[in-house]
>>> print(open('my_file-v8.cif').read())   # mmCIF, C-alpha atoms
data_work
#
loop_
_atom_site.label_atom_id
_atom_site.label_comp_id
_atom_site.auth_asym_id
_atom_site.auth_seq_id
_atom_site.Cartn_x
_atom_site.Cartn_y
_atom_site.Cartn_z
CA MET Q 1 7.99 -10.90 5.68
CA ASN Q 2 10.79 -13.27 5.03
CA PHE Q 3 13.96 -11.61 3.79
CA ASP Q 4 16.34 -14.31 5.05
CA SER Q 5 19.94 -13.09 4.83
CA GLU Q 6 19.49 -11.07 1.63
CA LYS Q 7 20.74 -7.54 1.62
CA ILE Q 8 17.94 -5.03 2.04
CA TYR Q 9 18.54 -1.45 1.04
CA ILE Q 10 16.62 1.36 2.68
CA SER Q 11 16.07 5.05 2.15
CA ASN Q 12 13.82 7.66 3.72
CA TYR Q 13 11.37 10.04 2.11
CA ASN Q 14 9.92 13.03 3.93
CA SER Q 15 6.25 13.25 2.92
CA PRO Q 16 3.24 15.35 3.94
CA LEU Q 17 2.20 12.28 5.98
CA GLY Q 18 5.53 12.08 7.81
CA ASN Q 19 8.63 10.00 7.24
CA ILE Q 20 8.29 7.12 4.77
CA LEU Q 21 10.72 4.20 4.79
CA LEU Q 22 11.51 2.66 1.40
CA ALA Q 23 13.03 -0.81 1.05
CA SER Q 24 14.58 -2.51 -1.97
CA ASN Q 25 16.31 -5.74 -2.89
CA GLY Q 26 18.69 -3.66 -5.00
CA LYS Q 27 16.59 -3.51 -8.14
CA ALA Q 28 12.89 -3.40 -7.19
CA LEU Q 29 10.88 -1.68 -4.51
CA ILE Q 30 9.84 -4.28 -1.93
CA GLY Q 31 8.46 -2.00 0.76
CA LEU Q 32 7.09 1.43 1.54
CA TRP Q 33 5.88 2.16 5.06
CA ILE Q 34 4.62 5.34 6.66
CA GLU Q 35 6.33 5.80 10.00
CA GLY Q 36 4.22 4.39 12.80
CA GLN Q 37 2.00 2.26 10.60
CA LYS Q 38 0.92 -1.19 11.66
CA TYR Q 39 3.26 -3.92 10.30
CA PHE Q 40 6.08 -1.39 9.93
CA PHE Q 41 9.31 -2.90 8.59
CA ASN Q 42 11.57 -4.09 11.38
CA VAL Q 43 15.22 -3.66 10.43
CA GLN Q 44 16.58 -5.65 13.37
CA ASP Q 45 18.36 -8.90 12.52
CA LYS Q 46 18.46 -8.08 8.83
CA ASN Q 47 21.35 -7.19 6.58
CA VAL Q 48 20.14 -3.60 6.04
CA ILE Q 49 22.14 -0.99 4.16
CA GLN Q 50 21.19 2.69 3.86
CA ASN Q 51 21.55 3.68 0.20
CA ASP Q 52 19.85 6.82 -1.06
CA GLU Q 53 21.49 6.50 -4.49
CA LEU Q 54 19.71 3.36 -5.73
CA GLU Q 55 17.90 4.05 -8.99
CA ILE Q 56 14.64 2.52 -7.68
CA PHE Q 57 14.71 4.90 -4.72
CA LYS Q 58 15.25 7.91 -6.99
CA LYS Q 59 12.33 6.79 -9.19
CA THR Q 60 10.12 6.09 -6.16
CA LYS Q 61 10.84 9.49 -4.62
CA SER Q 62 10.05 11.16 -7.94
CA TRP Q 63 6.82 9.12 -8.12
CA LEU Q 64 5.89 10.21 -4.60
CA ASP Q 65 6.69 13.86 -5.39
CA LYS Q 66 4.28 13.66 -8.33
CA TYR Q 67 1.65 11.87 -6.24
CA PHE Q 68 1.70 14.39 -3.41
CA ASN Q 69 1.44 17.15 -6.05
CA LYS Q 70 -1.74 15.48 -7.42
CA GLN Q 71 -0.14 14.48 -10.74
CA LYS Q 72 -1.41 10.83 -10.74
CA PRO Q 73 1.75 8.88 -11.63
CA GLU Q 74 1.26 5.36 -12.98
CA ILE Q 75 2.12 2.34 -10.85
CA SER Q 76 3.80 0.84 -13.93
CA GLU Q 77 6.51 3.52 -13.69
CA LEU Q 78 8.09 1.52 -10.85
CA LEU Q 79 9.43 -2.01 -10.58
CA LEU Q 80 7.55 -3.47 -7.61
CA GLU Q 81 8.19 -6.82 -5.94
CA PRO Q 82 6.02 -6.95 -2.81
CA ILE Q 83 6.76 -10.02 -0.72
CA GLY Q 84 3.75 -12.14 0.22
CA ASN Q 85 2.00 -15.42 -0.42
CA LYS Q 86 0.03 -16.13 -3.60
CA PHE Q 87 -3.30 -15.09 -2.04
CA ARG Q 88 -1.96 -11.72 -0.91
CA GLN Q 89 -0.29 -11.18 -4.30
CA GLU Q 90 -3.67 -11.69 -6.02
CA VAL Q 91 -5.33 -9.17 -3.71
CA TRP Q 92 -2.55 -6.64 -4.27
CA LYS Q 93 -2.94 -7.02 -8.06
CA ILE Q 94 -6.60 -6.03 -7.69
CA LEU Q 95 -5.61 -3.00 -5.59
CA CYS Q 96 -3.33 -1.86 -8.40
CA LYS Q 97 -6.33 -1.71 -10.75
CA ILE Q 98 -8.34 0.75 -8.61
CA PRO Q 99 -8.26 4.09 -10.45
CA TYR Q 100 -7.33 7.38 -8.80
CA GLY Q 101 -10.30 9.02 -7.14
CA GLU Q 102 -12.27 5.77 -6.84
CA THR Q 103 -12.81 3.28 -4.06
CA ILE Q 104 -13.74 -0.38 -3.85
CA THR Q 105 -15.11 -2.43 -0.95
CA TYR Q 106 -13.54 -5.41 0.75
CA GLY Q 107 -16.63 -7.36 -0.35
CA GLU Q 108 -16.11 -6.46 -4.01
CA ILE Q 109 -12.52 -7.66 -3.81
CA ALA Q 110 -13.71 -10.85 -2.06
CA LYS Q 111 -16.11 -11.58 -4.93
CA GLU Q 112 -13.38 -11.05 -7.51
CA ILE Q 113 -10.91 -13.28 -5.64
CA ALA Q 114 -13.56 -15.99 -5.12
CA LYS Q 115 -14.24 -15.99 -8.85
CA LYS Q 116 -10.51 -16.27 -9.64
CA MET Q 117 -10.15 -19.14 -7.16
CA HIS Q 118 -13.32 -20.89 -8.44
CA LYS Q 119 -15.00 -20.61 -5.04
CA LYS Q 120 -18.55 -19.57 -4.21
CA THR Q 121 -17.50 -17.04 -1.60
CA MET Q 122 -14.45 -15.48 -0.01
CA SER Q 123 -14.21 -13.92 3.43
CA ALA Q 124 -14.04 -10.13 3.43
CA GLN Q 125 -11.95 -10.52 6.60
CA ALA Q 126 -9.35 -12.55 4.66
CA ILE Q 127 -9.28 -9.77 2.09
CA GLY Q 128 -8.90 -7.20 4.87
CA ASN Q 129 -5.93 -9.12 6.25
CA ALA Q 130 -4.23 -9.19 2.84
CA VAL Q 131 -4.99 -5.50 2.22
CA GLY Q 132 -3.67 -4.61 5.69
CA HIS Q 133 -0.39 -6.43 5.05
CA ASN Q 134 0.28 -4.61 1.78
CA PRO Q 135 4.01 -3.87 2.05
CA ILE Q 136 4.01 -1.04 -0.52
CA SER Q 137 1.36 1.32 0.78
CA ILE Q 138 0.31 4.41 -1.20
CA ILE Q 139 1.74 3.03 -4.48
CA ILE Q 140 -0.28 -0.19 -4.16
CA PRO Q 141 -3.37 1.80 -3.15
CA CYS Q 142 -4.84 -0.05 -0.19
CA HIS Q 143 -6.19 3.29 1.05
CA ARG Q 144 -8.83 3.07 -1.72
CA VAL Q 145 -10.53 0.09 -0.02
CA VAL Q 146 -13.55 0.87 2.17
CA GLY Q 147 -16.19 -1.04 4.07
CA SER Q 148 -19.38 -2.02 2.23
CA ASN Q 149 -21.40 0.23 4.53
CA GLY Q 150 -19.29 3.29 3.69
CA ASN Q 151 -17.00 2.95 6.69
CA LEU Q 152 -13.44 4.25 6.20
CA THR Q 153 -12.05 1.31 8.09
CA GLY Q 154 -8.88 -0.68 8.10
CA TYR Q 155 -5.86 1.34 7.09
CA ALA Q 156 -2.57 0.22 8.62
CA GLY Q 157 -1.27 3.80 8.48
CA GLY Q 158 -4.28 5.08 10.42
CA ILE Q 159 -7.63 6.51 9.34
CA ASP Q 160 -6.25 10.07 9.43
CA LYS Q 161 -3.67 9.17 6.78
CA LYS Q 162 -6.25 7.26 4.72
CA ILE Q 163 -8.41 10.40 4.67
CA LYS Q 164 -5.43 12.55 3.62
CA LEU Q 165 -4.56 10.15 0.78
CA LEU Q 166 -8.15 10.00 -0.47
CA THR Q 167 -8.36 13.80 -0.25
CA ILE Q 168 -5.17 14.13 -2.35
CA GLU Q 169 -6.99 11.99 -4.94
CA ASN Q 170 -10.09 14.23 -4.79
CA VAL Q 171 -12.34 11.55 -3.30
CA ASP Q 172 -15.38 13.07 -1.60
CA ILE Q 173 -14.84 11.66 1.89
CA ASN Q 174 -18.13 13.17 3.08
CA LYS Q 175 -19.91 10.15 1.60
CA PHE Q 176 -18.05 7.92 4.09
CA PHE Q 177 -18.05 7.71 7.84
CA TYR Q 178 -15.37 6.89 10.37
CA HIS Q 179 -14.94 6.85 14.11
CA LYS Q 180 -13.08 9.92 15.31
CA LYS Q 181 -10.77 9.40 18.27
#
>>> encode(input="my_file-v8.cif", output="structure tokens")
Amino acid sequence: MNFDSEKIYISNYNSPLGNILLASNGKALIGLWIEGQKYFFNVQDKNVIQNDELEIFKKTKSWLDKYFNKQKPEISELLLEPIGNKFRQEVWKILCKIPYGETITYGEIAKEIAKKMHKKTMSAQAIGNAVGHNPISIIIPCHRVVGSNGNLTGYAGGIDKKIKLLTIENVDINKFFYHKK
């Protein structure tokens, strides 16, 4: 992520999954990371200011409260500006269209992106990389992406958190498999 010397505002949210760090450019949400997740926001060498009073943080915390209480808030309730290249942005747009309680495979996303880019095929691994670098997890629902063989693979927050999120959304996780540690 490239934030240059812009001011980045942060706030914390205590969730059933643990601490969540929220980041904003002052008007939009630019990041949401579960503590300990892969690609967690690094605040070093950035102009970071703690500000729990930003309107976007209040709205995001309210959204998360609703989500964790199984109320299915709409993504459109929040102003989101995830930072990433054009390819990643296209993948994240597809993630935002996955309904609550449903899943999609990396391969299905690859087919959709290939079609948009007028290509015959697209690598599921490239899709996995874009999904894994989603900077606004939970809200941009990367946890709803599964392997084509039913494997609950590839969640930067960890498979245990992916299972909890899918369970909150009433997804029958028994139809999937995963490697227990």
>>> resolve_selection(input="my_file-v8.cif", expression="the PyMOL selection byres ((chain Q and resi 151) around 7)", output="NGL selection string")
:Q and (146-147 or 149-150 or 152-153 or 176-178)
>>> closest_residue(input="my_file-v8.cif", among="Q:Lys70, Q:His143, Q:Lys162, Q:Lys59", to="Leu95 in chain Q", atoms="all atoms listed in the file")
Q:His143
>>> atom_distance(input="my_file-v8.cif", atom1="CA of Lys86 in chain Q", atom2="CA of Ser123 in chain Q")
16.0 Å
>>> atom_distance(input="my_file-v8.cif", atom1="CA of Asn129 in chain Q", atom2="CA of Arg88 in chain Q")
8.6 Å
>>> closest_atom_pairs(input="my_file-v8.cif", of="range 38-123 of chain Q", to="range 5-26 of chain Q", cutoff="6 Å", atoms="all atoms listed in the file", output="CSV")
residue,atom,partner,partner_atom,distance
Q:Asn47,CA,Q:Lys7,CA,5.0
Q:Val48,CA,Q:Ile8,CA,4.8
Q:Ile49,CA,Q:Tyr9,CA,4.8
Q:Gln50,CA,Q:Ile10,CA,4.9
Q:Asn51,CA,Q:Ser11,CA,6.0
Q:Asp52,CA,Q:Ser11,CA,5.3
>>> resolve_selection(input="my_file-v8.cif", expression="the PyMOL selection byres ((chain Q and resi 133) around 10)", output="number ranges by chain")
Q: 1, 38-40, 83-84, 88, 92, 127-132, 134-137, 142, 155-156
>>> write_last_selection(input="my_file-v8.cif", atoms="C-alpha atoms", output="compact mmCIF listing (two decimals), in the coordinates of the input")
# COMPACT_ATOMS: atom_id res chain seq x y z
CA MET Q 1 7.99 -10.90 5.68
CA LYS Q 38 0.92 -1.19 11.66
CA TYR Q 39 3.26 -3.92 10.30
CA PHE Q 40 6.08 -1.39 9.93
CA ILE Q 83 6.76 -10.02 -0.72
CA GLY Q 84 3.75 -12.14 0.22
CA ARG Q 88 -1.96 -11.72 -0.91
CA TRP Q 92 -2.55 -6.64 -4.27
CA ILE Q 127 -9.28 -9.77 2.09
CA GLY Q 128 -8.90 -7.20 4.87
CA ASN Q 129 -5.93 -9.12 6.25
CA ALA Q 130 -4.23 -9.19 2.84
CA VAL Q 131 -4.99 -5.50 2.22
CA GLY Q 132 -3.67 -4.61 5.69
CA ASN Q 134 0.28 -4.61 1.78
CA PRO Q 135 4.01 -3.87 2.05
CA ILE Q 136 4.01 -1.04 -0.52
CA SER Q 137 1.36 1.32 0.78
CA CYS Q 142 -4.84 -0.05 -0.19
CA TYR Q 155 -5.86 1.34 7.09
CA ALA Q 156 -2.57 0.22 8.62
>>> residues_around(input="my_file-v8.cif", residues="Thr121 in chain Q", least_positions_apart="5", cutoff="12 Å", atoms="all atoms listed in the file", output="number ranges by chain")
Q: 107-116, 126-127
